[in-house]
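To be precise, the following lines are upload-v1.cif, and they hold mmCIF, C-alpha atoms and all ligand atoms.
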```
data_target
#
loop_
_atom_site.label_atom_id
_atom_site.label_comp_id
_atom_site.auth_asym_id
_atom_site.auth_seq_id
_atom_site.Cartn_x
_atom_site.Cartn_y
_atom_site.Cartn_z
CA MET A 1182 -0.85 32.02 11.75
CA GLN A 1183 -4.39 30.81 11.37
CA ARG A 1184 -5.79 27.57 10.16
CA LEU A 1185 -8.60 27.90 7.68
CA ALA A 1186 -10.90 24.90 7.33
CA ARG A 1187 -12.56 24.33 3.97
CA ILE A 1188 -15.67 22.33 4.72
CA ARG A 1189 -18.06 20.69 2.32
CA ILE A 1190 -21.27 19.08 3.54
CA SER A 1191 -22.90 16.71 1.10
CA GLY A 1192 -26.09 14.69 1.17
CA ASP A 1193 -29.37 15.99 2.61
CA ARG A 1194 -27.85 19.28 3.72
CA ARG A 1195 -30.56 21.79 2.81
CA ALA A 1196 -31.92 22.39 6.31
CA LEU A 1197 -28.44 22.57 7.80
CA GLN A 1198 -27.32 25.09 5.17
CA GLU A 1199 -30.41 27.25 5.78
CA ARG A 1200 -29.79 27.20 9.51
CA TRP A 1201 -26.10 28.13 9.11
CA ASN A 1202 -26.92 30.92 6.66
CA SER A 1203 -29.53 32.44 8.97
CA LEU A 1204 -26.99 32.52 11.84
CA TYR A 1205 -23.92 33.50 9.78
CA PRO A 1206 -25.18 35.62 6.87
CA HIS A 1207 -21.72 37.24 6.58
CA ASN A 1208 -20.15 33.84 5.78
CA PRO A 1209 -22.80 31.87 3.90
CA MET A 1210 -22.55 28.21 2.99
CA ILE A 1211 -22.95 27.87 -0.78
CA ALA A 1212 -23.69 24.47 -2.31
CA GLY A 1213 -22.61 22.90 0.97
CA ALA A 1214 -19.21 24.62 0.97
CA VAL A 1215 -17.94 27.10 3.53
CA GLU A 1216 -14.57 28.30 4.84
CA VAL A 1217 -14.22 28.81 8.59
CA LYS A 1218 -11.18 29.62 10.73
CA SER A 1219 -10.52 26.52 12.82
CA ALA A 1220 -9.80 28.36 16.06
CA THR A 1221 -13.12 30.24 16.19
CA PRO A 1222 -16.44 29.55 17.92
CA ASP A 1223 -18.01 29.53 14.42
CA TYR A 1224 -16.11 26.36 13.65
CA GLN A 1225 -17.24 24.67 16.87
CA GLU A 1226 -20.81 25.79 16.17
CA LEU A 1227 -20.73 24.28 12.67
CA LYS A 1228 -19.38 20.99 14.04
CA LYS A 1229 -22.15 20.86 16.63
CA MET A 1230 -24.81 21.77 14.09
CA TYR A 1231 -23.52 19.01 11.83
CA SER A 1232 -23.54 16.39 14.55
CA ASP A 1233 -27.13 17.34 15.52
CA PHE A 1234 -28.30 17.23 11.90
CA SER A 1235 -26.49 14.02 11.05
CA THR A 1236 -28.69 12.08 13.47
CA LEU A 1237 -31.75 13.08 11.38
CA HIS A 1238 -30.38 13.56 7.85
CA PRO A 1239 -27.88 11.51 5.82
CA VAL A 1240 -25.05 14.04 5.48
CA THR A 1241 -21.28 13.77 5.18
CA TRP A 1242 -18.55 16.17 6.25
CA ASP A 1243 -15.39 16.71 4.20
CA GLU A 1244 -12.74 19.03 5.45
CA SER A 1245 -9.35 20.18 4.27
CA SER A 1246 -7.27 22.67 6.11
CA GLU A 1247 -5.09 25.50 4.91
CA VAL A 1248 -2.61 27.59 6.84
CA VAL A 1249 -3.06 31.31 6.40
CA TYR A 1250 -0.30 33.78 7.29
CA GLU A 1251 -0.69 37.44 7.94
CA GLU A 1252 2.06 39.98 7.41
CA LYS A 1253 3.16 39.94 11.03
CA ASP A 1254 3.36 36.11 11.00
CA LEU A 1255 5.66 36.24 7.99
CA GLU A 1256 7.99 38.62 9.83
CA GLN A 1257 9.06 35.70 12.03
CA PHE A 1258 10.82 33.77 9.28
CA GLU A 1259 14.46 34.16 8.21
CA ILE A 1260 13.66 33.24 4.62
CA LEU A 1261 10.50 33.05 2.53
CA THR A 1262 9.50 31.62 -0.82
CA LEU A 1263 8.31 34.24 -3.28
CA TRP A 1264 5.63 32.81 -5.58
CA VAL A 1265 5.10 35.04 -8.57
CA THR A 1266 1.40 35.25 -9.45
CA GLY A 1267 1.49 37.89 -12.19
CA ARG A 1268 1.28 36.46 -15.70
CA ALA A 1269 3.44 37.66 -18.58
CA GLY A 1270 1.93 35.48 -21.32
CA SER A 1271 3.99 33.64 -23.91
CA GLY A 1272 7.76 33.56 -23.56
CA GLY A 1273 10.58 31.60 -25.15
CA ASN A 1274 10.94 32.35 -28.86
CA THR A 1275 7.21 33.03 -29.40
CA PHE A 1276 7.66 36.66 -30.50
CA GLY A 1277 11.33 36.75 -31.52
CA THR A 1278 14.67 34.97 -31.30
CA VAL A 1279 15.36 35.23 -27.60
CA TYR A 1280 17.29 31.94 -27.41
CA GLU A 1281 19.70 30.44 -29.90
CA GLU A 1282 17.75 27.21 -29.54
CA ILE A 1283 15.13 25.51 -27.44
CA ARG A 1284 15.95 21.83 -27.14
CA LYS A 1285 12.98 19.52 -26.82
CA CYS A 1286 13.39 15.88 -25.84
CA PRO A 1287 11.56 13.74 -28.43
CA ALA A 1288 10.68 11.13 -25.82
CA CYS A 1289 9.30 13.13 -22.89
CA GLY A 1290 8.88 16.66 -24.27
CA THR A 1291 11.18 18.25 -21.68
CA GLU A 1292 12.37 21.60 -22.97
CA ASN A 1293 15.67 23.27 -22.23
CA LEU A 1294 16.51 26.81 -23.20
CA GLY A 1295 19.78 27.41 -25.01
CA ARG A 1296 21.93 30.50 -24.66
CA GLN A 1297 20.01 33.76 -24.57
CA ALA A 1298 20.70 35.70 -27.77
CA GLY A 1299 18.54 38.80 -27.27
CA PRO A 1300 16.09 40.53 -24.96
CA PHE A 1301 12.77 38.93 -24.01
CA VAL A 1302 10.03 39.82 -26.47
CA LEU A 1303 6.57 40.08 -24.93
CA ASP A 1304 3.05 40.80 -26.09
CA PRO A 1305 1.84 43.77 -23.99
CA SER A 1306 -1.76 42.53 -24.16
CA GLU A 1307 -0.70 39.32 -22.38
CA VAL A 1308 1.32 40.94 -19.58
CA ASP A 1309 -0.45 41.65 -16.29
CA ASP A 1310 -0.27 45.11 -14.86
CA SER A 1311 1.74 43.99 -11.81
CA ASP A 1312 5.33 44.49 -10.65
CA LEU A 1313 6.21 40.82 -11.02
CA ALA A 1314 5.10 38.30 -13.61
CA VAL A 1315 6.23 35.06 -15.25
CA THR A 1316 5.91 33.80 -18.80
CA ASP A 1317 4.79 30.31 -19.73
CA PHE A 1318 8.53 29.49 -20.01
CA GLY A 1319 9.13 30.57 -16.43
CA GLU A 1320 10.98 33.74 -17.42
CA ARG A 1321 10.74 36.33 -14.67
CA ILE A 1322 9.60 39.82 -15.63
CA CYS A 1323 9.41 42.86 -13.37
CA SER A 1324 8.62 46.55 -13.32
CA GLY A 1325 11.09 49.40 -12.93
CA ARG A 1326 9.93 49.71 -9.33
CA PHE A 1327 11.08 46.17 -8.56
CA CYS A 1328 14.39 46.78 -10.39
CA ARG A 1329 15.06 49.65 -7.99
CA VAL A 1330 14.52 47.29 -5.07
CA LEU A 1331 17.04 44.86 -6.60
CA GLN A 1332 19.56 47.58 -7.46
CA SER A 1333 21.71 47.18 -4.34
CA ILE A 1334 21.84 43.38 -4.64
CA PRO A 1335 25.00 42.16 -6.40
CA ASP A 1336 23.53 38.77 -7.45
CA ALA A 1337 20.55 40.30 -9.25
CA ALA A 1338 20.45 42.14 -12.57
CA CYS A 1339 17.69 43.73 -14.62
CA ARG A 1340 17.63 43.95 -18.40
CA PRO A 1341 14.95 45.74 -20.42
CA THR A 1342 12.50 43.59 -22.36
CA VAL A 1343 11.05 44.48 -25.76
CA TRP A 1344 7.39 44.67 -26.77
CA LYS A 1345 6.45 42.72 -29.89
CA THR A 1346 5.02 45.90 -31.44
CA ASN A 1347 6.45 49.36 -30.89
CA ARG A 1348 3.12 51.15 -30.69
CA VAL A 1349 2.72 50.47 -27.00
CA ALA A 1350 1.56 52.93 -24.39
CA ARG A 1351 3.09 51.02 -21.52
CA THR A 1352 6.12 51.53 -19.36
CA ALA A 1353 9.07 49.22 -19.88
CA MET A 1354 9.28 45.88 -18.16
CA TYR A 1355 12.52 44.12 -17.26
CA GLN A 1356 13.87 40.61 -17.13
CA PHE A 1357 15.48 39.92 -13.79
CA ASP A 1358 18.32 37.47 -13.58
CA LEU A 1359 19.45 35.92 -10.36
CA THR A 1360 22.79 34.17 -10.08
CA ALA A 1361 22.77 33.18 -6.40
CA SER A 1362 21.38 29.83 -5.36
CA VAL A 1363 20.23 28.18 -2.17
CA GLY A 1364 20.07 24.48 -1.41
CA PRO A 1365 19.81 21.68 -2.33
CA LEU A 1366 16.69 21.13 -0.25
CA ALA A 1367 17.01 19.24 3.02
CA SER A 1368 16.93 15.48 2.57
CA SER A 1369 13.78 15.30 4.72
CA PHE A 1370 11.88 17.45 2.20
CA GLN A 1371 9.58 15.29 0.10
CA LEU A 1372 10.14 15.80 -3.59
CA LEU A 1373 7.99 14.06 -6.13
CA HIS A 1374 9.89 12.65 -9.11
CA GLU A 1375 7.73 11.11 -11.81
CA SER A 1376 8.94 8.84 -14.63
CA LEU A 1377 12.59 9.20 -15.42
CA CYS A 1378 13.12 9.66 -19.16
CA GLU A 1379 15.64 7.20 -20.63
CA GLU A 1380 16.31 9.54 -23.51
CA CYS A 1381 17.32 12.77 -21.72
CA GLY A 1382 17.80 11.62 -18.14
CA GLU A 1383 15.27 14.10 -16.71
CA TYR A 1384 12.09 13.39 -14.83
CA ARG A 1385 8.88 14.14 -16.69
CA ASN A 1386 7.51 15.85 -13.63
CA VAL A 1387 9.09 17.23 -10.47
CA GLY A 1388 6.86 18.50 -7.69
CA ILE A 1389 6.36 18.69 -3.97
CA ASP A 1390 4.94 15.58 -2.39
CA ALA A 1391 2.63 17.19 0.18
CA PRO A 1392 -0.96 18.48 0.20
CA VAL A 1393 -1.52 21.94 -1.30
CA PHE A 1394 -1.36 24.71 1.33
CA SER A 1395 -0.07 22.36 4.02
CA GLU A 1396 2.99 23.28 6.07
CA LEU A 1397 4.78 20.24 4.63
CA ARG A 1398 5.01 22.11 1.33
CA GLN A 1399 7.14 24.86 2.84
CA LEU A 1400 10.68 24.62 1.50
CA ARG A 1401 13.33 23.44 3.95
CA PHE A 1402 17.07 23.90 3.40
CA PRO A 1403 20.09 22.90 5.46
CA ARG A 1404 21.29 26.08 7.15
CA SER A 1405 24.78 25.54 5.71
CA SER A 1406 23.39 25.78 2.15
CA TYR A 1407 22.26 29.36 2.63
CA GLY A 1408 24.79 32.18 2.23
CA GLN A 1409 22.71 34.96 3.86
CA LEU A 1410 21.74 36.17 0.41
CA PRO A 1411 18.85 38.59 -0.05
CA ILE A 1412 17.45 36.64 -3.03
CA ALA A 1413 18.36 33.26 -4.49
CA LEU A 1414 17.04 30.49 -6.71
CA THR A 1415 16.53 26.92 -5.58
CA GLN A 1416 18.89 24.41 -7.16
CA GLU A 1417 15.91 22.16 -7.84
CA ARG A 1418 13.68 22.93 -10.80
CA PHE A 1419 9.98 22.15 -10.61
CA GLY A 1420 7.31 21.46 -13.19
CA GLY A 1421 6.53 19.29 -16.21
CA PRO A 1422 8.13 19.69 -19.66
CA ARG A 1423 9.26 23.20 -18.62
CA LYS A 1424 10.89 23.28 -15.23
CA PHE A 1425 11.73 26.37 -13.21
CA PRO A 1426 13.53 27.02 -9.96
CA LEU A 1427 11.69 28.80 -7.12
CA VAL A 1428 12.73 32.15 -5.66
CA VAL A 1429 13.70 32.49 -1.99
CA VAL A 1430 14.15 35.87 -0.27
CA SER A 1431 15.56 36.99 3.07
CA GLN A 1432 13.44 38.56 5.79
CA SER A 1433 14.94 41.99 5.12
CA LEU A 1434 14.15 41.84 1.41
CA TYR A 1435 10.65 40.63 2.28
CA ARG A 1436 10.12 43.78 4.38
CA ARG A 1437 11.54 45.98 1.66
CA ILE A 1438 9.16 44.48 -0.93
CA ARG A 1439 6.26 45.13 1.44
CA GLN A 1440 7.36 48.71 2.07
CA GLU A 1441 7.54 49.43 -1.63
CA HIS A 1442 4.03 47.99 -2.21
CA ILE A 1443 5.28 45.68 -4.93
CA SER A 1444 2.51 43.56 -6.49
CA GLY A 1445 2.19 40.25 -8.31
CA PHE A 1446 3.27 37.58 -5.80
CA TRP A 1447 2.52 35.88 -2.55
CA PHE A 1448 4.91 34.79 0.18
CA GLU A 1449 5.13 31.51 2.02
CA PRO A 1450 7.46 30.71 4.93
CA ALA A 1451 10.59 28.68 4.16
CA HIS A 1452 12.94 27.16 6.71
CA LEU A 1453 16.63 26.78 7.45
CA ILE A 1454 17.22 23.65 9.45
CA ASP A 1455 20.21 22.25 11.26
CA PRO A 1456 21.14 18.68 10.45
ZN ZN B 1 13.28 13.14 -22.10
#
```
Is it possible to express this structure as structure tokens?
Ligand SMILES: [Zn+2]
Amino acid sequence: MQRLARIRISGDRRALQERWNSLYPHNPMIAGAVEVKSATPDYQELKKMYSDFSTLHPVTWDESSEVVYEEKDLEQFEILTLWVTGRAGSGGNTFGTVYEEIRKCPACGTENLGRQAGPFVLDPSEVDDSDLAVTDFGERICSGRFCRVLQSIPDAACRPTVWKTNRVARTAMYQFDLTASVGPLASSFQLLHESLCEECGEYRNVGIDAPVFSELRQLRFPRSSYGQLPIALTQERFGGPRKFPLVVVSQSLYRRIRQEHISGFWFEPAHLIDP
């Protein structure tokens, strides 16, 4: 695990930036902004340079820090959150009757999908060329390669999706359903609940109450809430008018996904804690 510092120097920074860029041309400061690993001499050098310059020039230092994990770091965790980054464009009933109904609360706009009546219909021009992708309704789409990874898992199922036009030179994509769940999250985990709607009883917005990329954002579950499942959905749903659960995978499935060179996601550590 490494800590990456995002630093922004504002004010009369020109001379400082020129000095940094002449010493570190491989990692230039652009418009006062630079990213440096916190545990390196480069970071110490930048701090020193800043403190020398700040006696002569009015400058300010802003820093935020991000934790960066490499593959071998992620092999230490029992479970991990799988964040799908591939995009599958418009979902819901945009291109066909996928759901019998989509209920929308008139007061807060929260949408809830009714029973699924048919396969997902997708526009091929909106779907990324990756193994995993999500629609704007949070529907999870995957490639045949990912389906084969899920094949041996009883709580996961793949169903073919349909393209909105049949003249498509693209291989089939699948919807993957997960029935297993993990959680609820540990009581110490900070969830953000914004404005409860009187009409439908849901919050307008559910999120994680911690800085982006900080370790406090990593999901934490009571150990007893996890049934050793390879892949499961959180009981909590996150988001605004459309809320989706997050996907948690076991260490062994994580390794399998790596081995198969699946694309379209990133992993973050998650934790099982004892009360
Ligand atoms: Zn509502």
One number please: CA of Val1330 in chain A to CA of Phe1357 in chain A, in Å, one decimal.
11.5 Å
What's the separation between CA of Arg1437 in chain A and CA of Glu1256 in chain A, in Å to one decimal place?
11.6 Å
Rounded to one decimal, what separation in Å do you get between CA of Glu1383 in chain A and CA of Glu1417 in chain A?
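Interatomic distance, CA of Glu1383 in chain A to CA of Glu1417 in chain A: 12.0 Å.
Shell of Ala1314 in chain A at 8 Å, with only C-alpha atoms counted and residues fewer than 4 places along the chain excluded, is A:Val1265, A:Thr1266, A:Gly1267, A:Arg1268, A:Ala1269, A:Val1308, A:Asp1309, A:Arg1321, A:Ile1322, A:Cys1323, A:Gly1445.
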Please produce a file of those selected residues containing C-alpha atoms, as an mmCIF file, in the frame of the given file.
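Now in out-v5.cif:
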```cif
data_model
loop_
_atom_site.group_PDB
_atom_site.id
_atom_site.type_symbol
_atom_site.label_atom_id
_atom_site.label_comp_id
_atom_site.auth_asym_id
_atom_site.auth_seq_id
_atom_site.Cartn_x
_atom_site.Cartn_y
_atom_site.Cartn_z
ATOM 1 C CA VAL A 1265 5.100 35.040 -8.570
ATOM 2 C CA THR A 1266 1.400 35.250 -9.450
ATOM 3 C CA GLY A 1267 1.490 37.890 -12.190
ATOM 4 C CA ARG A 1268 1.280 36.460 -15.700
ATOM 5 C CA ALA A 1269 3.440 37.660 -18.580
ATOM 6 C CA VAL A 1308 1.320 40.940 -19.580
ATOM 7 C CA ASP A 1309 -0.450 41.650 -16.290
ATOM 8 C CA ARG A 1321 10.740 36.330 -14.670
ATOM 9 C CA ILE A 1322 9.600 39.820 -15.630
ATOM 10 C CA CYS A 1323 9.410 42.860 -13.370
ATOM 11 C CA GLY A 1445 2.190 40.250 -8.310
#
```
Let me see if you get this right: every residue at most 8 Å from ligand ZN 1 (chain B), counting all atoms listed in the file, written as a list of chain:residue names.
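These are the residues that qualify: A:Lys1285, A:Cys1286, A:Pro1287, A:Ala1288, A:Cys1289, A:Gly1290, A:Thr1291, A:Leu1377, A:Cys1378, A:Glu1379, A:Glu1380, A:Cys1381, A:Gly1382, A:Glu1383, A:Tyr1384, A:Arg1385.
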Excluding range 1422-1435 of chain A and any residue of its chain fewer than 6 positions from it, enumerate the residues within 8 Å of it, using only C-alpha atoms, and give them as a PDB file with C-alpha atoms, in the frame of the given file.
```pdb
ATOM      1  CA  GLU A1256       7.990  38.620   9.830  1.00  0.00           C
ATOM      2  CA  PHE A1258      10.820  33.770   9.280  1.00  0.00           C
ATOM      3  CA  GLU A1259      14.460  34.160   8.210  1.00  0.00           C
ATOM      4  CA  ILE A1260      13.660  33.240   4.620  1.00  0.00           C
ATOM      5  CA  LEU A1261      10.500  33.050   2.530  1.00  0.00           C
ATOM      6  CA  THR A1262       9.500  31.620  -0.820  1.00  0.00           C
ATOM      7  CA  LEU A1263       8.310  34.240  -3.280  1.00  0.00           C
ATOM      8  CA  TRP A1264       5.630  32.810  -5.580  1.00  0.00           C
ATOM      9  CA  CYS A1289       9.300  13.130 -22.890  1.00  0.00           C
ATOM     10  CA  GLY A1290       8.880  16.660 -24.270  1.00  0.00           C
ATOM     11  CA  THR A1291      11.180  18.250 -21.680  1.00  0.00           C
ATOM     12  CA  GLU A1292      12.370  21.600 -22.970  1.00  0.00           C
ATOM     13  CA  ASN A1293      15.670  23.270 -22.230  1.00  0.00           C
ATOM     14  CA  PHE A1318       8.530  29.490 -20.010  1.00  0.00           C
ATOM     15  CA  GLY A1319       9.130  30.570 -16.430  1.00  0.00           C
ATOM     16  CA  VAL A1363      20.230  28.180  -2.170  1.00  0.00           C
ATOM     17  CA  ARG A1385       8.880  14.140 -16.690  1.00  0.00           C
ATOM     18  CA  ASN A1386       7.510  15.850 -13.630  1.00  0.00           C
ATOM     19  CA  VAL A1387       9.090  17.230 -10.470  1.00  0.00           C
ATOM     20  CA  GLN A1409      22.710  34.960   3.860  1.00  0.00           C
ATOM     21  CA  LEU A1410      21.740  36.170   0.410  1.00  0.00           C
ATOM     22  CA  PRO A1411      18.850  38.590  -0.050  1.00  0.00           C
ATOM     23  CA  ILE A1412      17.450  36.640  -3.030  1.00  0.00           C
ATOM     24  CA  ALA A1413      18.360  33.260  -4.490  1.00  0.00           C
ATOM     25  CA  LEU A1414      17.040  30.490  -6.710  1.00  0.00           C
ATOM     26  CA  THR A1415      16.530  26.920  -5.580  1.00  0.00           C
ATOM     27  CA  GLN A1416      18.890  24.410  -7.160  1.00  0.00           C
ATOM     28  CA  ALA A1451      10.590  28.680   4.160  1.00  0.00           C
TER      29      ALA A1451
END
```
Counting all atoms listed in the file, which residues sit no farther than 6 Å from the position (15.9, 43.2, -21.1) in the file's frame? I'd like them as a PDB file with C-alpha atoms, keeping the file's coordinate frame.
```pdb
ATOM      1  CA  PRO A1300      16.090  40.530 -24.960  1.00  0.00           C
ATOM      2  CA  ARG A1340      17.630  43.950 -18.400  1.00  0.00           C
ATOM      3  CA  PRO A1341      14.950  45.740 -20.420  1.00  0.00           C
ATOM      4  CA  THR A1342      12.500  43.590 -22.360  1.00  0.00           C
ATOM      5  CA  TYR A1355      12.520  44.120 -17.260  1.00  0.00           C
ATOM      6  CA  GLN A1356      13.870  40.610 -17.130  1.00  0.00           C
TER       7      GLN A1356
END
```
Looking at only C-alpha atoms, which of A:Asp1336, A:Glu1252, A:Asp1223, A:Glu1247 is the one that sits closest to Trp1447 in chain A?
A:Glu1252
Closest to Gly1325 in chain A among A:Glu1307, A:Asp1193, A:Glu1199, A:Glu1441, using only C-alpha atoms?
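Ranking A:Glu1307, A:Asp1193, A:Glu1199, A:Glu1441 by distance to Gly1325 in chain A, first place goes to A:Glu1441.
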